[in-house]
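**Q** Sharing coords-v9.txt below, compact mmCIF, C-alpha atoms (C1' of nucleotides):
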# COMPACT_ATOMS: atom_id res chain seq x y z
CA MET A 1 -40.42 11.85 -23.75
CA ASN A 2 -37.74 11.75 -21.11
CA ASP A 3 -36.93 8.26 -19.97
CA PRO A 4 -35.02 7.92 -16.70
CA GLY A 5 -32.55 5.69 -18.52
CA ASP A 6 -31.69 8.40 -21.04
CA PRO A 7 -28.31 10.11 -20.89
CA LEU A 8 -27.97 12.86 -18.33
CA GLU A 9 -28.16 16.45 -19.48
CA PRO A 10 -24.73 18.07 -19.70
CA HIS A 11 -25.20 20.09 -16.55
CA GLU A 12 -26.50 17.03 -14.72
CA LEU A 13 -23.55 15.01 -15.91
CA ARG A 14 -21.24 17.73 -14.77
CA ALA A 15 -22.71 17.73 -11.28
CA TRP A 16 -22.51 13.96 -11.06
CA MET A 17 -18.94 13.75 -12.28
CA ALA A 18 -17.84 16.55 -9.99
CA PHE A 19 -19.46 14.76 -7.09
CA LEU A 20 -17.70 11.52 -7.94
CA ALA A 21 -14.33 13.13 -8.53
CA ALA A 22 -14.47 15.27 -5.42
CA GLY A 23 -15.34 12.20 -3.39
CA HIS A 24 -12.41 10.21 -4.73
CA LEU A 25 -9.94 13.02 -4.32
CA ILE A 26 -10.95 14.10 -0.85
CA ASP A 27 -10.92 10.52 0.29
CA TYR A 28 -7.41 10.18 -0.98
CA GLU A 29 -6.24 13.26 0.92
CA ILE A 30 -7.90 12.10 4.10
CA GLU A 31 -6.41 8.65 3.84
CA ARG A 32 -2.97 10.16 3.47
CA GLN A 33 -3.34 12.54 6.39
CA LEU A 34 -4.71 9.93 8.77
CA LYS A 35 -2.00 7.47 7.91
CA ARG A 36 0.68 10.10 8.32
CA ASP A 37 -0.54 11.63 11.58
CA GLY A 38 -1.73 8.54 13.38
CA GLY A 39 -1.39 5.36 11.38
CA LEU A 40 -5.15 5.13 10.96
CA SER A 41 -7.15 4.23 7.88
CA HIS A 42 -10.27 6.18 7.02
CA PRO A 43 -12.58 3.30 7.99
CA GLU A 44 -10.80 2.96 11.32
CA PHE A 45 -11.09 6.67 11.91
CA GLU A 46 -14.79 6.60 11.16
CA VAL A 47 -15.29 3.81 13.67
CA LEU A 48 -13.52 5.80 16.36
CA VAL A 49 -15.53 8.91 15.55
CA GLY A 50 -18.74 6.91 15.64
CA LEU A 51 -17.93 5.66 19.10
CA SER A 52 -16.81 9.05 20.34
CA LEU A 53 -20.21 10.46 19.39
CA ALA A 54 -22.17 7.79 21.23
CA GLU A 55 -23.53 7.80 24.76
CA GLY A 56 -20.83 6.48 27.05
CA ASN A 57 -18.48 6.18 24.12
CA ARG A 58 -19.88 2.79 23.21
CA LEU A 59 -22.28 1.15 20.78
CA ARG A 60 -23.45 -2.32 19.94
CA MET A 61 -21.66 -3.71 16.92
CA SER A 62 -24.68 -3.60 14.66
CA ASP A 63 -25.58 -0.05 15.64
CA LEU A 64 -22.01 0.98 15.04
CA ALA A 65 -22.16 -0.68 11.65
CA ARG A 66 -25.24 1.35 10.81
CA VAL A 67 -23.65 4.60 12.00
CA VAL A 68 -20.46 4.02 10.05
CA MET A 69 -22.36 2.56 7.08
CA VAL A 70 -20.33 -0.58 6.83
CA SER A 71 -21.18 -4.27 6.62
CA LYS A 72 -21.20 -6.40 9.75
CA SER A 73 -18.27 -8.54 8.72
CA ARG A 74 -16.23 -5.54 7.74
CA LEU A 75 -16.89 -3.94 11.09
CA THR A 76 -15.89 -7.14 12.85
CA TYR A 77 -12.59 -6.96 11.07
CA GLN A 78 -12.03 -3.27 11.75
CA VAL A 79 -12.89 -3.54 15.41
CA THR A 80 -10.57 -6.51 15.78
CA GLN A 81 -7.76 -4.40 14.36
CA LEU A 82 -8.62 -1.46 16.58
CA GLU A 83 -8.79 -3.75 19.59
CA ARG A 84 -5.35 -5.11 18.77
CA ASP A 85 -4.08 -1.52 18.84
CA GLY A 86 -5.85 -0.87 22.13
CA PHE A 87 -8.15 1.78 20.70
CA VAL A 88 -11.39 -0.12 21.20
CA LYS A 89 -12.47 -2.68 23.77
CA ARG A 90 -15.21 -5.28 23.33
CA THR A 91 -17.51 -5.88 26.28
CA GLU A 92 -20.41 -8.22 26.76
CA ASN A 93 -23.88 -6.77 26.91
CA GLU A 94 -25.67 -8.21 29.92
CA SER A 95 -29.14 -7.13 28.88
CA ASP A 96 -28.85 -8.85 25.49
CA ARG A 97 -26.23 -11.49 25.26
CA ARG A 98 -26.41 -11.71 21.50
CA SER A 99 -24.90 -8.29 21.14
CA VAL A 100 -21.48 -6.93 21.99
CA TRP A 101 -20.46 -3.47 23.14
CA ALA A 102 -17.66 -1.79 21.27
CA GLU A 103 -16.22 0.90 23.51
CA LEU A 104 -13.69 3.62 22.85
CA THR A 105 -10.69 3.32 25.17
CA GLU A 106 -8.55 6.12 26.59
CA GLU A 107 -5.91 5.26 24.02
CA GLY A 108 -8.54 5.36 21.30
CA ALA A 109 -9.67 8.80 22.40
CA ALA A 110 -6.04 9.88 22.47
CA ALA A 111 -5.45 8.56 18.96
CA LEU A 112 -8.50 10.46 17.82
CA ALA A 113 -7.27 13.64 19.46
CA ARG A 114 -3.88 13.20 17.86
CA VAL A 115 -5.32 12.90 14.41
CA ARG A 116 -8.26 15.25 14.44
CA PRO A 117 -6.64 18.65 13.97
CA GLY A 118 -4.98 17.44 10.80
CA HIS A 119 -8.18 15.84 9.66
CA ARG A 120 -10.10 19.05 10.11
CA ARG A 121 -7.40 20.90 8.28
CA VAL A 122 -7.81 18.61 5.30
CA VAL A 123 -11.59 18.98 5.30
CA ARG A 124 -11.24 22.75 5.58
CA GLU A 125 -8.66 23.13 2.87
CA ALA A 126 -10.15 20.62 0.47
CA LEU A 127 -13.82 21.45 0.87
CA ILE A 128 -14.90 24.24 3.18
CA GLU A 129 -12.51 26.94 2.10
CA VAL A 130 -13.23 26.33 -1.54
CA LEU A 131 -16.92 26.98 -1.05
CA ALA A 132 -18.72 30.27 -0.63
CA PRO A 133 -20.66 30.52 2.65
CA GLU A 134 -24.01 30.05 0.93
CA GLU A 135 -22.64 27.08 -0.94
CA ILE A 136 -21.76 25.36 2.30
CA ASP A 137 -25.30 25.57 3.56
CA LEU A 138 -26.78 24.65 0.25
CA LEU A 139 -24.50 21.63 -0.03
CA GLY A 140 -25.52 20.54 3.44
CA ASP A 141 -29.20 20.93 2.63
CA ALA A 142 -29.08 19.28 -0.74
CA LEU A 143 -26.83 16.35 0.10
CA GLY A 144 -28.54 15.98 3.45
CA ARG A 145 -31.76 15.37 1.58
CA VAL A 146 -30.02 12.97 -0.77
CA ALA A 147 -28.62 10.94 2.11
CA GLU A 148 -31.82 10.98 4.10
CA ARG A 149 -33.78 9.73 1.13
CA LEU A 150 -31.39 6.89 0.45
CA ARG A 151 -31.33 5.84 4.07
CA GLN A 152 -35.01 5.07 4.13
CA ARG A 153 -35.20 2.23 1.67
CA MET B 1 -8.37 33.21 16.50
CA ASN B 2 -9.58 30.51 14.19
CA ASP B 3 -7.08 27.73 13.79
CA PRO B 4 -7.58 25.40 10.84
CA GLY B 5 -7.37 22.47 13.25
CA ASP B 6 -10.31 23.72 15.32
CA PRO B 7 -13.63 21.89 15.16
CA LEU B 8 -15.81 22.71 12.20
CA GLU B 9 -18.72 25.04 12.67
CA PRO B 10 -22.03 23.20 12.92
CA HIS B 11 -23.11 24.14 9.42
CA GLU B 12 -19.71 23.18 8.06
CA LEU B 13 -19.86 19.87 9.86
CA ARG B 14 -23.31 19.29 8.47
CA ALA B 15 -22.13 19.87 4.91
CA TRP B 16 -19.16 17.59 5.39
CA MET B 17 -21.14 14.77 6.94
CA ALA B 18 -23.84 15.03 4.31
CA PHE B 19 -21.18 14.84 1.63
CA LEU B 20 -19.64 11.75 3.20
CA ALA B 21 -22.95 10.01 3.81
CA ALA B 22 -24.32 10.76 0.37
CA GLY B 23 -21.14 9.40 -1.15
CA HIS B 24 -21.32 6.16 0.79
CA LEU B 25 -24.99 5.63 0.12
CA ILE B 26 -24.97 6.44 -3.57
CA ASP B 27 -21.98 4.23 -4.04
CA TYR B 28 -23.83 1.41 -2.42
CA GLU B 29 -26.83 1.83 -4.73
CA ILE B 30 -24.64 1.97 -7.79
CA GLU B 31 -22.72 -1.10 -6.77
CA ARG B 32 -25.95 -3.00 -6.36
CA GLN B 33 -27.39 -1.90 -9.68
CA LEU B 34 -24.27 -2.66 -11.69
CA LYS B 35 -23.93 -6.08 -10.15
CA ARG B 36 -27.57 -6.87 -10.77
CA ASP B 37 -27.79 -5.61 -14.35
CA GLY B 38 -24.44 -6.68 -15.67
CA GLY B 39 -22.21 -8.35 -13.13
CA LEU B 40 -19.90 -5.34 -13.02
CA SER B 41 -18.31 -3.68 -10.04
CA HIS B 42 -18.19 0.09 -9.82
CA PRO B 43 -14.44 0.22 -10.47
CA GLU B 44 -14.86 -2.02 -13.51
CA PHE B 45 -17.66 0.17 -14.77
CA GLU B 46 -15.55 3.28 -14.36
CA VAL B 47 -12.77 1.70 -16.37
CA LEU B 48 -15.14 0.88 -19.21
CA VAL B 49 -16.61 4.39 -19.12
CA GLY B 50 -13.13 5.88 -19.16
CA LEU B 51 -12.24 3.93 -22.26
CA SER B 52 -15.54 4.69 -23.97
CA LEU B 53 -14.84 8.39 -23.56
CA ALA B 54 -11.36 8.19 -25.09
CA GLU B 55 -10.27 8.72 -28.68
CA GLY B 56 -10.53 5.38 -30.44
CA ASN B 57 -11.90 3.78 -27.30
CA ARG B 58 -8.43 3.22 -25.96
CA LEU B 59 -5.96 4.69 -23.51
CA ARG B 60 -2.53 3.87 -22.19
CA MET B 61 -2.68 2.20 -18.82
CA SER B 62 -1.28 5.12 -16.91
CA ASP B 63 -3.58 7.63 -18.57
CA LEU B 64 -6.49 5.37 -17.84
CA ALA B 65 -5.37 5.18 -14.23
CA ARG B 66 -5.36 8.96 -14.04
CA VAL B 67 -8.79 9.25 -15.62
CA VAL B 68 -10.32 6.68 -13.31
CA MET B 69 -8.32 7.92 -10.33
CA VAL B 70 -6.94 4.58 -9.37
CA SER B 71 -3.48 3.26 -8.58
CA LYS B 72 -1.41 1.57 -11.25
CA SER B 73 -1.46 -1.82 -9.61
CA ARG B 74 -5.18 -1.65 -9.01
CA LEU B 75 -5.76 -0.83 -12.63
CA THR B 76 -3.56 -3.70 -13.73
CA TYR B 77 -5.77 -5.99 -11.70
CA GLN B 78 -9.04 -4.54 -12.97
CA VAL B 79 -7.98 -4.60 -16.59
CA THR B 80 -6.86 -8.20 -16.23
CA GLN B 81 -10.31 -9.10 -14.96
CA LEU B 82 -12.02 -7.16 -17.72
CA GLU B 83 -9.79 -8.80 -20.27
CA ARG B 84 -10.71 -12.22 -18.92
CA ASP B 85 -14.36 -11.26 -19.49
CA GLY B 86 -13.58 -10.04 -22.99
CA PHE B 87 -14.55 -6.45 -22.26
CA VAL B 88 -11.10 -4.96 -22.73
CA LYS B 89 -8.14 -5.93 -24.86
CA ARG B 90 -4.51 -5.07 -24.24
CA THR B 91 -2.43 -4.04 -27.25
CA GLU B 92 1.17 -3.06 -27.56
CA ASN B 93 2.01 0.54 -28.26
CA GLU B 94 4.47 0.71 -31.15
CA SER B 95 5.46 4.30 -30.64
CA ASP B 96 6.42 3.75 -27.00
CA ARG B 97 7.07 0.21 -26.02
CA ARG B 98 7.00 0.94 -22.33
CA SER B 99 3.30 1.59 -22.45
CA VAL B 100 0.31 -0.60 -23.22
CA TRP B 101 -2.99 0.24 -24.85
CA ALA B 102 -6.14 -0.79 -23.04
CA GLU B 103 -8.94 -0.88 -25.58
CA LEU B 104 -12.66 -1.31 -25.19
CA THR B 105 -13.93 -4.32 -27.16
CA GLU B 106 -17.30 -4.77 -28.83
CA GLU B 107 -18.36 -6.93 -25.92
CA GLY B 108 -17.19 -4.27 -23.52
CA ALA B 109 -19.24 -1.65 -25.29
CA ALA B 110 -22.20 -4.01 -25.22
CA ALA B 111 -21.78 -4.61 -21.50
CA LEU B 112 -21.68 -0.87 -20.99
CA ALA B 113 -24.83 -0.40 -23.05
CA ARG B 114 -26.56 -3.12 -21.08
CA VAL B 115 -25.82 -1.51 -17.78
CA ARG B 116 -26.04 2.17 -18.50
CA PRO B 117 -29.77 2.82 -18.49
CA GLY B 118 -30.06 1.37 -15.00
CA HIS B 119 -27.01 3.29 -13.91
CA ARG B 120 -28.49 6.54 -15.09
CA ARG B 121 -31.71 5.70 -13.38
CA VAL B 122 -29.87 5.30 -10.11
CA VAL B 123 -28.01 8.58 -10.52
CA ARG B 124 -31.25 10.33 -11.42
CA GLU B 125 -33.29 8.92 -8.59
CA ALA B 126 -30.62 9.18 -5.95
CA LEU B 127 -29.13 12.55 -6.81
CA ILE B 128 -30.57 14.57 -9.67
CA GLU B 129 -34.26 14.31 -8.87
CA VAL B 130 -33.66 15.21 -5.26
CA LEU B 131 -32.03 18.50 -6.22
CA ALA B 132 -33.63 21.70 -7.38
CA PRO B 133 -32.41 22.84 -10.81
CA GLU B 134 -30.27 25.62 -9.36
CA GLU B 135 -28.82 23.19 -6.87
CA ILE B 136 -27.63 20.93 -9.65
CA ASP B 137 -25.64 23.71 -11.26
CA LEU B 138 -24.35 24.99 -8.01
CA LEU B 139 -23.24 21.53 -6.96
CA GLY B 140 -21.44 21.12 -10.26
CA ASP B 141 -19.70 24.47 -9.89
CA ALA B 142 -18.75 24.05 -6.27
CA LEU B 143 -17.58 20.46 -6.38
CA GLY B 144 -15.99 21.03 -9.75
CA ARG B 145 -13.82 23.66 -8.10
CA VAL B 146 -13.09 21.32 -5.22
CA ALA B 147 -11.97 18.55 -7.56
CA GLU B 148 -9.97 20.82 -9.80
CA ARG B 149 -8.12 22.25 -6.84
CA LEU B 150 -7.23 18.84 -5.47
CA ARG B 151 -6.08 17.58 -8.83
CA GLN B 152 -3.32 20.15 -9.08
CA ARG B 153 -1.19 19.14 -6.15
C1' DG C 1 -42.95 -24.87 28.13
C1' DG C 2 -41.59 -25.68 23.38
C1' DT C 3 -40.89 -24.33 18.84
C1' DT C 4 -40.07 -21.27 15.13
C1' DG C 5 -38.09 -17.46 13.23
C1' DA C 6 -35.56 -13.17 13.73
C1' DA C 7 -31.54 -10.61 15.41
C1' DG C 8 -26.63 -10.18 16.55
C1' DA C 9 -22.07 -11.26 15.67
C1' DT C 10 -18.41 -14.04 13.93
C1' DT C 11 -16.03 -17.20 10.67
C1' DC C 12 -14.39 -18.74 6.39
C1' DA C 13 -12.94 -18.77 1.59
C1' DA C 14 -12.65 -16.08 -2.21
C1' DA C 15 -12.12 -11.49 -4.39
C1' DT C 16 -10.04 -7.12 -4.39
C1' DA C 17 -6.75 -3.38 -2.89
C1' DT C 18 -2.21 -1.61 -1.36
C1' DG C 19 2.43 -0.26 -1.95
C1' DA C 20 7.12 -1.46 -2.43
C1' DA C 21 10.23 -3.57 -5.61
C1' DC C 22 11.37 -4.99 -10.19
C1' DG C 23 12.61 -5.13 -15.31
C1' DG C 24 12.19 -3.18 -19.55
C1' DT C 25 12.10 1.54 -22.31
C1' DT C 26 12.83 6.16 -23.22
C1' DT C 27 14.85 10.76 -22.47
C1' DC C 28 18.29 13.83 -22.07
C1' DG C 29 22.36 16.04 -20.71
C1' DA C 30 27.44 15.48 -20.48
C1' DT D 1 27.20 7.93 -27.50
C1' DC D 2 26.98 6.85 -22.83
C1' DG D 3 24.90 6.66 -18.45
C1' DA D 4 21.76 8.39 -15.05
C1' DA D 5 17.20 9.40 -14.24
C1' DA D 6 12.45 9.17 -15.28
C1' DC D 7 8.60 6.63 -17.01
C1' DC D 8 5.52 2.38 -17.66
C1' DG D 9 3.51 -1.46 -16.36
C1' DT D 10 3.61 -5.65 -13.75
C1' DT D 11 4.56 -8.67 -9.85
C1' DC D 12 4.57 -10.01 -5.26
C1' DA D 13 3.42 -10.28 -0.42
C1' DT D 14 0.27 -8.47 2.67
C1' DA D 15 -4.00 -6.26 4.08
C1' DT D 16 -8.71 -5.53 3.56
C1' DT D 17 -13.40 -6.49 1.83
C1' DT D 18 -17.25 -9.38 0.45
C1' DG D 19 -21.07 -12.45 1.14
C1' DA D 20 -22.70 -16.79 2.42
C1' DA D 21 -22.79 -19.96 6.18
C1' DT D 22 -22.85 -20.66 11.06
C1' DC D 23 -23.68 -20.23 15.96
C1' DT D 24 -25.92 -18.23 19.87
C1' DT D 25 -29.47 -15.74 22.01
C1' DC D 26 -33.90 -13.55 22.10
C1' DA D 27 -39.00 -12.77 20.96
C1' DA D 28 -43.28 -14.27 19.85
C1' DC D 29 -46.58 -17.37 19.32
C1' DC D 30 -49.11 -21.64 20.18
Could you render the structure as structure tokens?
**A**
Amino acid sequence: MNDPGDPLEPHELRAWMAFLAAGHLIDYEIERQLKRDGGLSHPEFEVLVGLSLAEGNRLRMSDLARVVMVSKSRLTYQVTQLERDGFVKRTENESDRRSVWAELTEEGAAALARVRPGHRRVVREALIEVLAPEEIDLLGDALGRVAERLRQR
Amino acid sequence: MNDPGDPLEPHELRAWMAFLAAGHLIDYEIERQLKRDGGLSHPEFEVLVGLSLAEGNRLRMSDLARVVMVSKSRLTYQVTQLERDGFVKRTENESDRRSVWAELTEEGAAALARVRPGHRRVVREALIEVLAPEEIDLLGDALGRVAERLRQR
DNA sequence: GGTTGAAGATTCAAATATGAACGGTTTCGA
DNA sequence: TCGAAACCGTTCATATTTGAATCTTCAACC
């Protein structure tokens, strides 16, 4: 019968390869736009967005790492870079001295504002505008389920 | 009116974030599986797959770079690693001495065979099995269009 | 109260990625 | 047939990522 290690069906393979390719290509466009408009890398941008979405514009390092889906040591590096640029500030957490607050600064918020219109434009042009309205919702549903399922492991 | 730099609509944002998250998470699973089953990284695996799909199991470096969607210098590095492991062999191209053939070896094909069932299992469990049959096709159509559009730029 | 183990974050060395610059071919028009 | 321009791949210096080891603080348990 059908073993899960068997080759994918052609239409399954097509979906998988399209998913992979679209990911690579969109990432490339985003990287280019962020660099051009604000000298940010995609990981840096994601860190800033993560903070901007948080209560009080700050998160503990490990929570931020979870949100941005990045390893602890990688986040340490990124935040150090962002701190050097004045976009993020580290603060001690008095209620748990093991942890550290990473907080979005004014300059960080400004950098985000500077870069966001172009970012949205890329997402729109590369993804949203290419999809029919129903496809947008279906993509959100389907990939939302995929992500949710992988998160709980 | 609606400027392309304006915030995304909630359902658009949802689709975009799901796409991003699913990409990150699936990539993580794949990385883990490939490392575990065959000591390969995802980029290395993609190189081997690219070659296995080519006529005569070989491609010129720059064509391989295009197929795998990777920069020239990154590919040079990856192929050097794969050559060290005996999975790929470089050969001179007599009809155009600027270019170089990268060819999949027996050992490379064996490594691919060793790793592929687990890889497919990951793709199945993470993506395919979570989608309804119509969703698979629709995803392939939609993201296929997205990729195709980005390729021609 | 002291001890053990978990959680949080950083550090370090090694691996990988980036992008500009380079040297060797090929192409093609003057 | 010559020379400029394009193409191919690598190299090099720098930046980023990885994962194991480490250090500090906290929680729980006795």
**Q** Kindly indicate which residue among A:Ala111, A:Leu53, A:Ala18, A:Ala65 lies nearest to chain C, using all atoms listed in the file for the distances.
**A** A:Ala65
**Q** Hey, could you make a per-residue contact list for chain B against chain D with 8 Å as the cut-off, showing the nearest pair of atoms and its distance in Å to one decimal, counting all atoms listed in the file, sorted by chain and number, as JSON lines?
**A**
{"residue": "B:Met61", "atom": "CA", "partner": "D:DG9", "partner_atom": "C1'", "distance": 7.6}
{"residue": "B:Ser62", "atom": "CA", "partner": "D:DC8", "partner_atom": "C1'", "distance": 7.4}
{"residue": "B:Lys72", "atom": "CA", "partner": "D:DG9", "partner_atom": "C1'", "distance": 7.7}
{"residue": "B:Ser73", "atom": "CA", "partner": "D:DT10", "partner_atom": "C1'", "distance": 7.6}
{"residue": "B:Thr76", "atom": "CA", "partner": "D:DT10", "partner_atom": "C1'", "distance": 7.4}
{"residue": "B:Arg98", "atom": "CA", "partner": "D:DC8", "partner_atom": "C1'", "distance": 5.1}
{"residue": "B:Ser99", "atom": "CA", "partner": "D:DC8", "partner_atom": "C1'", "distance": 5.3}
{"residue": "B:Val100", "atom": "CA", "partner": "D:DG9", "partner_atom": "C1'", "distance": 7.6}
**Q** When the cut-off is 10 Å and we count all atoms listed in the file, which residues of chain C are near chain A, given as a PyMOL selection string?
**A** chain C and resi 7-11
**Q** Write the residues you've just listed into a file as a compact mmCIF listing (two decimals), in the coordinates of the input, and include C-alpha atoms (C1' of nucleotides) for each of them.
**A**
# COMPACT_ATOMS: atom_id res chain seq x y z
C1' DA C 7 -31.54 -10.61 15.41
C1' DG C 8 -26.63 -10.18 16.55
C1' DA C 9 -22.07 -11.26 15.67
C1' DT C 10 -18.41 -14.04 13.93
C1' DT C 11 -16.03 -17.20 10.67
**Q** Which one of A:Tyr28, A:Trp101, A:Phe19, A:Phe45 sits closest to chain B if you count only C-alpha atoms?
**A**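 Answer, going by the shortest atom-to-atom distance: A:Phe19.
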**Q** For chain A against chain B, which residues fall within 8 Å using only C-alpha atoms, given as a PDB file with C-alpha atoms, in the frame of the given file?
**A**
ATOM      1  CA  PRO A   4     -35.020   7.920 -16.700  1.00  0.00           C
ATOM      2  CA  GLY A   5     -32.550   5.690 -18.520  1.00  0.00           C
ATOM      3  CA  ASP A   6     -31.690   8.400 -21.040  1.00  0.00           C
ATOM      4  CA  PRO A   7     -28.310  10.110 -20.890  1.00  0.00           C
ATOM      5  CA  LEU A   8     -27.970  12.860 -18.330  1.00  0.00           C
ATOM      6  CA  HIS A  11     -25.200  20.090 -16.550  1.00  0.00           C
ATOM      7  CA  GLU A  12     -26.500  17.030 -14.720  1.00  0.00           C
ATOM      8  CA  ARG A  14     -21.240  17.730 -14.770  1.00  0.00           C
ATOM      9  CA  ALA A  15     -22.710  17.730 -11.280  1.00  0.00           C
ATOM     10  CA  TRP A  16     -22.510  13.960 -11.060  1.00  0.00           C
ATOM     11  CA  ALA A  18     -17.840  16.550  -9.990  1.00  0.00           C
ATOM     12  CA  PHE A  19     -19.460  14.760  -7.090  1.00  0.00           C
ATOM     13  CA  LEU A  20     -17.700  11.520  -7.940  1.00  0.00           C
ATOM     14  CA  ALA A  21     -14.330  13.130  -8.530  1.00  0.00           C
ATOM     15  CA  ALA A  22     -14.470  15.270  -5.420  1.00  0.00           C
ATOM     16  CA  GLY A  23     -15.340  12.200  -3.390  1.00  0.00           C
ATOM     17  CA  HIS A  24     -12.410  10.210  -4.730  1.00  0.00           C
ATOM     18  CA  LEU A  25      -9.940  13.020  -4.320  1.00  0.00           C
ATOM     19  CA  ILE A  26     -10.950  14.100  -0.850  1.00  0.00           C
ATOM     20  CA  MET A  69     -22.360   2.560   7.080  1.00  0.00           C
ATOM     21  CA  ARG A 116      -8.260  15.250  14.440  1.00  0.00           C
ATOM     22  CA  PRO A 117      -6.640  18.650  13.970  1.00  0.00           C
ATOM     23  CA  GLY A 118      -4.980  17.440  10.800  1.00  0.00           C
ATOM     24  CA  HIS A 119      -8.180  15.840   9.660  1.00  0.00           C
ATOM     25  CA  ARG A 120     -10.100  19.050  10.110  1.00  0.00           C
ATOM     26  CA  ARG A 121      -7.400  20.900   8.280  1.00  0.00           C
ATOM     27  CA  VAL A 123     -11.590  18.980   5.300  1.00  0.00           C
ATOM     28  CA  ARG A 124     -11.240  22.750   5.580  1.00  0.00           C
ATOM     29  CA  ALA A 126     -10.150  20.620   0.470  1.00  0.00           C
ATOM     30  CA  LEU A 127     -13.820  21.450   0.870  1.00  0.00           C
ATOM     31  CA  ILE A 128     -14.900  24.240   3.180  1.00  0.00           C
ATOM     32  CA  VAL A 130     -13.230  26.330  -1.540  1.00  0.00           C
ATOM     33  CA  LEU A 131     -16.920  26.980  -1.050  1.00  0.00           C
ATOM     34  CA  GLU A 135     -22.640  27.080  -0.940  1.00  0.00           C
ATOM     35  CA  ILE A 136     -21.760  25.360   2.300  1.00  0.00           C
ATOM     36  CA  ASP A 137     -25.300  25.570   3.560  1.00  0.00           C
ATOM     37  CA  LEU A 138     -26.780  24.650   0.250  1.00  0.00           C
ATOM     38  CA  LEU A 139     -24.500  21.630  -0.030  1.00  0.00           C
ATOM     39  CA  GLY A 140     -25.520  20.540   3.440  1.00  0.00           C
ATOM     40  CA  ASP A 141     -29.200  20.930   2.630  1.00  0.00           C
ATOM     41  CA  ALA A 142     -29.080  19.280  -0.740  1.00  0.00           C
ATOM     42  CA  LEU A 143     -26.830  16.350   0.100  1.00  0.00           C
ATOM     43  CA  GLY A 144     -28.540  15.980   3.450  1.00  0.00           C
ATOM     44  CA  ARG A 145     -31.760  15.370   1.580  1.00  0.00           C
ATOM     45  CA  VAL A 146     -30.020  12.970  -0.770  1.00  0.00           C
ATOM     46  CA  ALA A 147     -28.620  10.940   2.110  1.00  0.00           C
ATOM     47  CA  ARG A 149     -33.780   9.730   1.130  1.00  0.00           C
ATOM     48  CA  LEU A 150     -31.390   6.890   0.450  1.00  0.00           C
ATOM     49  CA  ARG A 151     -31.330   5.840   4.070  1.00  0.00           C
TER      50      ARG A 151
END
**Q** What does the distance between CA of Val79 (chain A) and CA of Val47 (chain A) come to in Å, to one decimal place?
**A**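 Distance reported for this atom pair: 7.9 Å.
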**Q** Show which residues sit within 10 Å of Glu44 (chain B), as a ChimeraX atom specification. Count only C-alpha atoms (C1' of nucleotides), and ignore same-chain residues fewer than 5 positions away.
**A** /B:34,39,49-50,68,75,78-79,81-82,87
**Q** Write out as a list in words each polymer residue whose atoms come within 7 Å of Leu59 (chain A), counting only C-alpha atoms (C1' of nucleotides); drop sequence neighbours fewer than 2 positions from it.
**A** Leu51, Ala54, Met61, Asp63, Leu64, Trp101, Ala102 and Glu103 of chain A
**Q** How would region 141-152 of chain A read, as a compact mmCIF listing (two decimals), in the frame of the given file, once N, CA and C atoms are built in?
**A**
# COMPACT_ATOMS: atom_id res chain seq x y z
N ASP A 141 -27.77 21.17 2.85
CA ASP A 141 -29.20 20.93 2.63
C ASP A 141 -29.40 19.87 1.57
N ALA A 142 -28.81 20.13 0.42
CA ALA A 142 -29.08 19.28 -0.74
C ALA A 142 -28.60 17.86 -0.49
N LEU A 143 -27.36 17.70 -0.09
CA LEU A 143 -26.83 16.35 0.10
C LEU A 143 -27.43 15.70 1.34
N GLY A 144 -27.83 16.52 2.30
CA GLY A 144 -28.54 15.98 3.45
C GLY A 144 -29.83 15.31 3.01
N ARG A 145 -30.53 15.96 2.11
CA ARG A 145 -31.76 15.37 1.58
C ARG A 145 -31.45 14.09 0.82
N VAL A 146 -30.41 14.15 0.01
CA VAL A 146 -30.02 12.97 -0.77
C VAL A 146 -29.76 11.78 0.16
N ALA A 147 -28.98 12.03 1.19
CA ALA A 147 -28.62 10.94 2.11
C ALA A 147 -29.85 10.43 2.85
N GLU A 148 -30.64 11.36 3.33
CA GLU A 148 -31.82 10.98 4.10
C GLU A 148 -32.74 10.09 3.27
N ARG A 149 -32.88 10.47 2.01
CA ARG A 149 -33.78 9.73 1.13
C ARG A 149 -33.25 8.32 0.87
N LEU A 150 -31.95 8.22 0.72
CA LEU A 150 -31.39 6.89 0.45
C LEU A 150 -31.42 6.00 1.69
N ARG A 151 -31.35 6.63 2.84
CA ARG A 151 -31.33 5.84 4.07
C ARG A 151 -32.63 5.08 4.26
N GLN A 152 -33.73 5.75 3.94
CA GLN A 152 -35.01 5.07 4.13
C GLN A 152 -35.39 4.29 2.89
